[in-house]
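What follows is a single structure, written as C-alpha coordinates, with notes after it.
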2 protein chains.
Amino acid sequence: MSVEVNVVSAYWGAAEERDWDAYGALLAEDVVYEAPQSRERVRGRSAYVRFNREGFPGEWHVQIIKIVGGDRSGASWISLSYADGTVQPGLSFFEIDERDMITRITDFWPETYELPASRAHLVERY
Amino acid sequence: MSVEVNVVSAYWGAAEERDWDAYGALLAEDVVYEAPQSRERVRGRSAYVRFNREGFPGEWHVQIIKIVGGDRSGASWISLSYADGTVQPGLSFFEIDERDMITRITDFWPETYELPASRAHLVERY
(Lines give C-alpha, C1' and ligand atoms only; values in the text may rest on other atoms or scores of the structure.)
Protein backbone atom coordinates (compact mmCIF):
# COMPACT_ATOMS: atom_id res chain seq x y z
CA MET A 1 0.00 0.00 0.00
CA SER A 2 1.24 3.47 -0.81
CA VAL A 3 1.86 5.98 1.95
CA GLU A 4 -1.07 8.04 0.62
CA VAL A 5 -3.45 5.07 0.92
CA ASN A 6 -2.14 4.42 4.43
CA VAL A 7 -2.72 8.02 5.52
CA VAL A 8 -6.29 8.11 4.16
CA SER A 9 -7.03 4.71 5.71
CA ALA A 10 -5.75 5.93 9.09
CA TYR A 11 -7.86 9.10 8.76
CA TRP A 12 -11.08 7.12 8.38
CA GLY A 13 -10.02 4.60 11.03
CA ALA A 14 -9.53 7.40 13.56
CA ALA A 15 -12.88 8.97 12.61
CA GLU A 16 -14.67 5.65 13.07
CA GLU A 17 -13.03 5.22 16.49
CA ARG A 18 -13.71 8.89 17.45
CA ASP A 19 -10.01 8.89 18.34
CA TRP A 20 -9.58 12.64 17.92
CA ASP A 21 -5.97 12.63 19.08
CA ALA A 22 -5.02 10.13 16.38
CA TYR A 23 -7.19 12.04 13.90
CA GLY A 24 -5.50 15.35 14.70
CA ALA A 25 -2.05 13.77 14.47
CA LEU A 26 -2.69 13.07 10.76
CA LEU A 27 -3.42 16.73 10.01
CA ALA A 28 -0.98 19.52 9.23
CA GLU A 29 -1.27 22.49 11.59
CA ASP A 30 -2.57 24.62 8.69
CA VAL A 31 -4.88 22.02 7.15
CA VAL A 32 -7.75 23.46 5.11
CA TYR A 33 -11.09 21.67 4.73
CA GLU A 34 -13.71 22.61 2.15
CA ALA A 35 -17.16 21.27 1.34
CA PRO A 36 -18.00 22.69 -2.11
CA GLN A 37 -21.69 21.74 -1.96
CA SER A 38 -22.39 24.03 1.00
CA ARG A 39 -19.34 26.27 0.58
CA GLU A 40 -18.11 25.46 4.09
CA ARG A 41 -14.46 25.98 4.94
CA VAL A 42 -12.52 25.19 8.11
CA ARG A 43 -8.92 26.32 8.61
CA GLY A 44 -6.40 24.77 10.96
CA ARG A 45 -5.99 21.51 12.82
CA SER A 46 -7.72 22.44 16.07
CA ALA A 47 -10.73 24.00 14.32
CA TYR A 48 -11.05 21.01 12.01
CA VAL A 49 -10.87 18.46 14.83
CA ARG A 50 -13.54 20.46 16.69
CA PHE A 51 -15.71 20.63 13.54
CA ASN A 52 -15.69 16.85 13.33
CA ARG A 53 -15.96 16.16 17.04
CA GLU A 54 -18.84 18.57 17.65
CA GLY A 55 -20.47 19.02 14.25
CA PHE A 56 -21.67 15.46 13.69
CA PRO A 57 -23.10 14.06 16.93
CA GLY A 58 -24.98 10.78 17.09
CA GLU A 59 -24.20 7.34 15.83
CA TRP A 60 -22.53 6.95 12.47
CA HIS A 61 -20.15 4.39 11.09
CA VAL A 62 -17.64 4.50 8.28
CA GLN A 63 -17.23 1.73 5.73
CA ILE A 64 -14.37 2.26 3.31
CA ILE A 65 -15.35 1.28 -0.23
CA LYS A 66 -12.22 2.44 -2.06
CA ILE A 67 -9.06 4.43 -1.42
CA VAL A 68 -6.83 5.66 -4.25
CA GLY A 69 -3.44 7.22 -3.56
CA GLY A 70 -0.32 8.41 -5.31
CA ASP A 71 1.96 11.40 -5.83
CA ARG A 72 1.07 13.07 -2.52
CA SER A 73 -2.69 12.91 -3.20
CA GLY A 74 -5.44 10.62 -2.04
CA ALA A 75 -9.11 10.01 -2.75
CA SER A 76 -11.63 7.95 -0.84
CA TRP A 77 -15.13 6.64 -1.39
CA ILE A 78 -16.80 5.70 1.88
CA SER A 79 -20.26 4.69 2.95
CA LEU A 80 -21.60 6.35 6.10
CA SER A 81 -24.33 4.48 7.91
CA TYR A 82 -26.58 6.06 10.54
CA ALA A 83 -28.57 4.63 13.44
CA ASP A 84 -31.85 5.04 11.48
CA GLY A 85 -30.57 2.73 8.77
CA THR A 86 -29.81 5.39 6.16
CA VAL A 87 -26.59 5.05 4.25
CA GLN A 88 -24.81 7.81 2.36
CA PRO A 89 -21.76 7.79 0.11
CA GLY A 90 -18.98 10.27 0.82
CA LEU A 91 -16.22 11.20 -1.62
CA SER A 92 -13.09 12.92 -0.31
CA PHE A 93 -9.92 14.27 -1.87
CA PHE A 94 -6.73 14.76 0.15
CA GLU A 95 -3.42 16.52 -0.31
CA ILE A 96 -0.55 15.09 1.73
CA ASP A 97 2.81 16.78 2.37
CA GLU A 98 6.36 15.34 2.51
CA ARG A 99 5.93 14.64 6.24
CA ASP A 100 2.82 12.54 5.39
CA MET A 101 0.51 15.10 6.99
CA ILE A 102 -2.84 15.98 5.41
CA THR A 103 -2.81 19.60 4.24
CA ARG A 104 -6.11 19.77 2.36
CA ILE A 105 -9.39 17.86 2.45
CA THR A 106 -12.33 18.40 0.13
CA ASP A 107 -15.42 16.25 0.45
CA PHE A 108 -18.75 15.64 -1.27
CA TRP A 109 -21.96 14.02 -0.02
CA PRO A 110 -24.21 13.14 -2.97
CA GLU A 111 -27.89 12.31 -2.61
CA THR A 112 -29.97 9.84 -4.58
CA TYR A 113 -31.78 11.10 -7.68
CA GLU A 114 -34.29 9.76 -10.18
CA LEU A 115 -33.09 8.29 -13.44
CA PRO A 116 -33.90 10.81 -16.21
CA ALA A 117 -36.39 9.29 -18.68
CA SER A 118 -34.28 10.65 -21.55
CA ARG A 119 -31.59 8.03 -20.98
CA ALA A 120 -33.62 5.18 -19.46
CA HIS A 121 -33.28 3.15 -22.68
CA LEU A 122 -29.48 3.27 -22.38
CA VAL A 123 -29.09 1.71 -18.91
CA GLU A 124 -30.18 -1.09 -16.62
CA ARG A 125 -31.11 -0.48 -12.95
CA TYR A 126 -29.69 -2.19 -9.91
CA MET B 1 2.54 11.21 -14.01
CA SER B 2 1.47 7.68 -13.21
CA VAL B 3 -0.13 5.52 -15.87
CA GLU B 4 -3.40 5.67 -13.91
CA VAL B 5 -3.40 9.48 -13.97
CA ASN B 6 -2.62 9.40 -17.70
CA VAL B 7 -5.52 7.03 -18.43
CA VAL B 8 -8.04 9.10 -16.45
CA SER B 9 -6.75 12.30 -18.04
CA ALA B 10 -7.14 10.78 -21.52
CA TYR B 11 -10.68 9.61 -20.62
CA TRP B 12 -11.81 13.15 -19.80
CA GLY B 13 -9.90 14.61 -22.73
CA ALA B 14 -11.72 12.29 -25.14
CA ALA B 15 -15.07 13.11 -23.51
CA GLU B 16 -14.44 16.83 -23.85
CA GLU B 17 -13.54 16.36 -27.52
CA ARG B 18 -16.51 14.01 -28.13
CA ASP B 19 -13.87 11.74 -29.67
CA TRP B 20 -15.82 8.53 -29.09
CA ASP B 21 -13.27 6.36 -30.88
CA ALA B 22 -10.50 7.54 -28.54
CA TYR B 23 -12.91 7.24 -25.61
CA GLY B 24 -13.84 3.67 -26.49
CA ALA B 25 -10.18 2.72 -26.98
CA LEU B 26 -9.57 3.42 -23.28
CA LEU B 27 -12.29 0.98 -22.18
CA ALA B 28 -12.04 -2.76 -21.67
CA GLU B 29 -14.53 -4.74 -23.73
CA ASP B 30 -16.35 -5.77 -20.54
CA VAL B 31 -16.20 -2.39 -18.78
CA VAL B 32 -18.92 -1.85 -16.16
CA TYR B 33 -20.26 1.60 -15.31
CA GLU B 34 -22.37 2.34 -12.24
CA ALA B 35 -24.01 5.50 -10.92
CA PRO B 36 -24.93 4.69 -7.30
CA GLN B 37 -27.17 7.75 -6.84
CA SER B 38 -29.66 6.60 -9.48
CA ARG B 39 -28.66 2.92 -9.48
CA GLU B 40 -27.86 3.02 -13.19
CA ARG B 41 -25.57 0.39 -14.64
CA VAL B 42 -24.16 -0.03 -18.16
CA ARG B 43 -22.21 -3.11 -19.21
CA GLY B 44 -19.75 -3.35 -22.06
CA ARG B 45 -17.73 -0.94 -24.17
CA SER B 46 -20.19 -0.36 -26.98
CA ALA B 47 -23.16 0.19 -24.64
CA TYR B 48 -21.12 2.56 -22.50
CA VAL B 49 -19.89 4.61 -25.47
CA ARG B 50 -23.49 4.85 -26.68
CA PHE B 51 -24.69 5.86 -23.20
CA ASN B 52 -22.26 8.78 -23.22
CA ARG B 53 -22.69 9.73 -26.87
CA GLU B 54 -26.50 9.69 -26.80
CA GLY B 55 -27.42 10.15 -23.15
CA PHE B 56 -26.00 13.63 -22.61
CA PRO B 57 -26.78 15.81 -25.62
CA GLY B 58 -26.18 19.54 -25.66
CA GLU B 59 -23.21 21.64 -24.78
CA TRP B 60 -21.11 20.70 -21.78
CA HIS B 61 -17.46 21.12 -21.01
CA VAL B 62 -15.12 19.28 -18.70
CA GLN B 63 -12.63 21.01 -16.44
CA ILE B 64 -10.33 18.65 -14.54
CA ILE B 65 -9.86 19.81 -10.95
CA LYS B 66 -7.89 16.82 -9.64
CA ILE B 67 -6.85 13.35 -10.70
CA VAL B 68 -5.42 10.80 -8.26
CA GLY B 69 -3.95 7.52 -9.43
CA GLY B 70 -2.01 4.53 -8.19
CA ASP B 71 -2.04 0.75 -7.91
CA ARG B 72 -4.38 0.22 -10.90
CA SER B 73 -6.98 2.65 -9.57
CA GLY B 74 -7.85 6.23 -10.35
CA ALA B 75 -10.13 8.96 -9.04
CA SER B 76 -11.09 12.25 -10.60
CA TRP B 77 -12.83 15.42 -9.52
CA ILE B 78 -14.08 17.40 -12.48
CA SER B 79 -16.27 20.42 -12.98
CA LEU B 80 -18.90 20.18 -15.73
CA SER B 81 -20.12 23.47 -17.15
CA TYR B 82 -23.30 23.80 -19.22
CA ALA B 83 -24.42 26.34 -21.81
CA ASP B 84 -26.82 27.95 -19.30
CA GLY B 85 -23.90 28.77 -16.99
CA THR B 86 -24.55 26.09 -14.40
CA VAL B 87 -21.55 24.19 -13.10
CA GLN B 88 -21.58 20.82 -11.41
CA PRO B 89 -18.85 18.78 -9.74
CA GLY B 90 -18.41 15.16 -10.78
CA LEU B 91 -16.47 12.54 -8.82
CA SER B 92 -15.41 9.33 -10.54
CA PHE B 93 -13.57 6.20 -9.51
CA PHE B 94 -11.82 3.96 -12.02
CA GLU B 95 -10.31 0.49 -12.06
CA ILE B 96 -7.61 -0.07 -14.66
CA ASP B 97 -6.23 -3.43 -15.77
CA GLU B 98 -2.68 -4.53 -16.64
CA ARG B 99 -3.22 -3.48 -20.26
CA ASP B 100 -4.09 0.04 -19.02
CA MET B 101 -7.76 -0.40 -20.00
CA ILE B 102 -10.55 0.91 -17.81
CA THR B 103 -12.60 -1.99 -16.43
CA ARG B 104 -14.87 -0.19 -13.98
CA ILE B 105 -16.18 3.36 -13.61
CA THR B 106 -18.35 4.63 -10.77
CA ASP B 107 -19.40 8.25 -10.67
CA PHE B 108 -21.23 10.70 -8.42
CA TRP B 109 -22.88 14.06 -9.18
CA PRO B 110 -23.49 15.95 -5.94
CA GLU B 111 -25.84 18.93 -5.69
CA THR B 112 -25.51 22.02 -3.54
CA TYR B 113 -27.14 21.99 -0.11
CA GLU B 114 -27.76 24.44 2.71
CA LEU B 115 -25.34 24.63 5.61
CA PRO B 116 -27.05 23.03 8.64
CA ALA B 117 -27.55 25.61 11.40
CA SER B 118 -26.29 23.04 13.93
CA ARG B 119 -22.71 23.41 12.72
CA ALA B 120 -22.74 26.99 11.41
CA HIS B 121 -20.61 28.16 14.38
CA LEU B 122 -17.88 25.69 13.42
CA VAL B 123 -17.22 26.89 9.84
CA GLU B 124 -16.70 29.88 7.62
CA ARG B 125 -18.44 30.23 4.22
CA TYR B 126 -16.82 30.86 0.89
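Please note that chains go A, B, ... in the order of the C-alpha coordinates, that every chain numbers its residues from 1, and that ligands are numbered from 1 in the order shown.
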Spatial neighbours of Val123 (chain A), max dist 9 Å, only C-alpha atoms, sep filter under 3 positions, as a ChimeraX atom specification: /A:119-120 /B:40-43,47-48,51
Considering only C-alpha atoms, tabulate each residue of chain A that lies at most 7 Å from chain B along with its nearest interatomic pair and the corresponding distance in Å to one decimal; arrange the rows by chain and ascending residue number and present them as a Markdown table.
| residue | atom | partner | partner_atom | distance |
| --- | --- | --- | --- | --- |
| A:Gln37 | CA | B:Thr112 | CA | 4.1 |
| A:Ser38 | CA | B:Tyr113 | CA | 5.3 |
| A:Arg39 | CA | B:Tyr126 | CA | 5.2 |
| A:Glu40 | CA | B:Arg125 | CA | 4.8 |
| A:Arg41 | CA | B:Glu124 | CA | 5.2 |
| A:Val42 | CA | B:Val123 | CA | 5.3 |
| A:Phe51 | CA | B:Leu122 | CA | 5.5 |
| A:Gly55 | CA | B:Arg119 | CA | 5.2 |
| A:Val68 | CA | B:Ser73 | CA | 6.1 |
| A:Gly69 | CA | B:Gly70 | CA | 5.5 |
| A:Gly70 | CA | B:Gly70 | CA | 5.1 |
| A:Ser73 | CA | B:Val68 | CA | 6.1 |
| A:Gly74 | CA | B:Val68 | CA | 6.2 |
| A:Ala75 | CA | B:Ala75 | CA | 6.5 |
| A:Phe108 | CA | B:Pro110 | CA | 6.7 |
| A:Trp109 | CA | B:Pro110 | CA | 6.4 |
| A:Pro110 | CA | B:Pro110 | CA | 4.2 |
| A:Glu111 | CA | B:Gln37 | CA | 6.3 |
| A:Thr112 | CA | B:Gln37 | CA | 4.2 |
| A:Tyr113 | CA | B:Ser38 | CA | 5.3 |
| A:Glu114 | CA | B:Ser38 | CA | 5.7 |
| A:Leu115 | CA | B:Ser38 | CA | 5.5 |
| A:Arg119 | CA | B:Gly55 | CA | 5.2 |
| A:Leu122 | CA | B:Phe51 | CA | 5.5 |
| A:Val123 | CA | B:Val42 | CA | 5.3 |
| A:Glu124 | CA | B:Arg41 | CA | 5.2 |
| A:Arg125 | CA | B:Glu40 | CA | 4.8 |
| A:Tyr126 | CA | B:Arg39 | CA | 5.2 |
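Taking CA of Val49 (chain B) as the reference point, CA of Asp107 (chain A) is found at 28.8 Å.
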Using Å and a single decimal, report how far CA of Ala22 (chain B) sits from CA of Ala10 (chain B).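 Between CA of Ala10 (chain B) and CA of Ala22 (chain B) the gap is 8.4 Å.
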Which of region 46-80 of chain B counts as alpha helix (DSSP H) under DSSP, as a PyMOL selection string please? chain B and resi 46-55
Would you output that residue set with N, CA, C and O atoms, as a PDB file, in the first residue's frame?
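That gives us result-v4.pdb:
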ATOM      1  N   SER B  46     -19.360  -1.026 -25.967  1.00  0.00           N
ATOM      2  CA  SER B  46     -20.195  -0.364 -26.977  1.00  0.00           C
ATOM      3  C   SER B  46     -21.430   0.279 -26.328  1.00  0.00           C
ATOM      4  O   SER B  46     -21.821   1.391 -26.694  1.00  0.00           O
ATOM      5  N   ALA B  47     -22.007  -0.402 -25.338  1.00  0.00           N
ATOM      6  CA  ALA B  47     -23.161   0.188 -24.637  1.00  0.00           C
ATOM      7  C   ALA B  47     -22.751   1.431 -23.858  1.00  0.00           C
ATOM      8  O   ALA B  47     -23.505   2.405 -23.776  1.00  0.00           O
ATOM      9  N   TYR B  48     -21.552   1.409 -23.314  1.00  0.00           N
ATOM     10  CA  TYR B  48     -21.124   2.558 -22.503  1.00  0.00           C
ATOM     11  C   TYR B  48     -20.758   3.759 -23.381  1.00  0.00           C
ATOM     12  O   TYR B  48     -21.041   4.910 -23.031  1.00  0.00           O
ATOM     13  N   VAL B  49     -20.148   3.493 -24.538  1.00  0.00           N
ATOM     14  CA  VAL B  49     -19.887   4.608 -25.466  1.00  0.00           C
ATOM     15  C   VAL B  49     -21.213   5.205 -25.921  1.00  0.00           C
ATOM     16  O   VAL B  49     -21.388   6.432 -25.945  1.00  0.00           O
ATOM     17  N   ARG B  50     -22.182   4.349 -26.237  1.00  0.00           N
ATOM     18  CA  ARG B  50     -23.489   4.845 -26.684  1.00  0.00           C
ATOM     19  C   ARG B  50     -24.187   5.654 -25.587  1.00  0.00           C
ATOM     20  O   ARG B  50     -24.792   6.713 -25.854  1.00  0.00           O
ATOM     21  N   PHE B  51     -24.118   5.154 -24.357  1.00  0.00           N
ATOM     22  CA  PHE B  51     -24.691   5.859 -23.201  1.00  0.00           C
ATOM     23  C   PHE B  51     -24.152   7.292 -23.125  1.00  0.00           C
ATOM     24  O   PHE B  51     -24.905   8.257 -22.935  1.00  0.00           O
ATOM     25  N   ASN B  52     -22.866   7.447 -23.303  1.00  0.00           N
ATOM     26  CA  ASN B  52     -22.258   8.780 -23.216  1.00  0.00           C
ATOM     27  C   ASN B  52     -22.542   9.631 -24.443  1.00  0.00           C
ATOM     28  O   ASN B  52     -22.782  10.837 -24.335  1.00  0.00           O
ATOM     29  N   ARG B  53     -22.510   8.990 -25.620  1.00  0.00           N
ATOM     30  CA  ARG B  53     -22.692   9.731 -26.871  1.00  0.00           C
ATOM     31  C   ARG B  53     -24.124  10.219 -27.007  1.00  0.00           C
ATOM     32  O   ARG B  53     -24.386  11.334 -27.467  1.00  0.00           O
ATOM     33  N   GLU B  54     -25.086   9.377 -26.573  1.00  0.00           N
ATOM     34  CA  GLU B  54     -26.503   9.692 -26.800  1.00  0.00           C
ATOM     35  C   GLU B  54     -27.224  10.176 -25.548  1.00  0.00           C
ATOM     36  O   GLU B  54     -28.278  10.817 -25.654  1.00  0.00           O
ATOM     37  N   GLY B  55     -26.683   9.877 -24.381  1.00  0.00           N
ATOM     38  CA  GLY B  55     -27.418  10.147 -23.148  1.00  0.00           C
ATOM     39  C   GLY B  55     -27.283  11.565 -22.627  1.00  0.00           C
ATOM     40  O   GLY B  55     -28.063  11.986 -21.759  1.00  0.00           O
TER      41      GLY B  55
END
Residue contacts of Thr86 (chain B) (12 Å, only C-alpha atoms) excluding same-chain residues fewer than 6 positions away, as a list in words: Glu59, Trp60, His61, Ser79, Leu80, Glu111 and Thr112 of chain B
Point-to-point distance in Å for CA of Val32 (chain B) and CA of Gly58 (chain B):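 Distance reported for this atom pair: 24.5 Å.
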Taking the backbone alone, and naming residues the way the document does, which bits of region 10-81 of chain A are strand (DSSP E or B) by DSSP, as a VMD selection string? chain A and resid 27 to 35 40 to 43 60 to 70 73 to 81
Using only C-alpha atoms, which protein or nucleic acid residues come within 9 Å of Val62 (chain B)? Drop anything in the same chain fewer than 5 positions from it, and give the result as a PyMOL selection string. chain B and resi 12-13+15-16+78-81
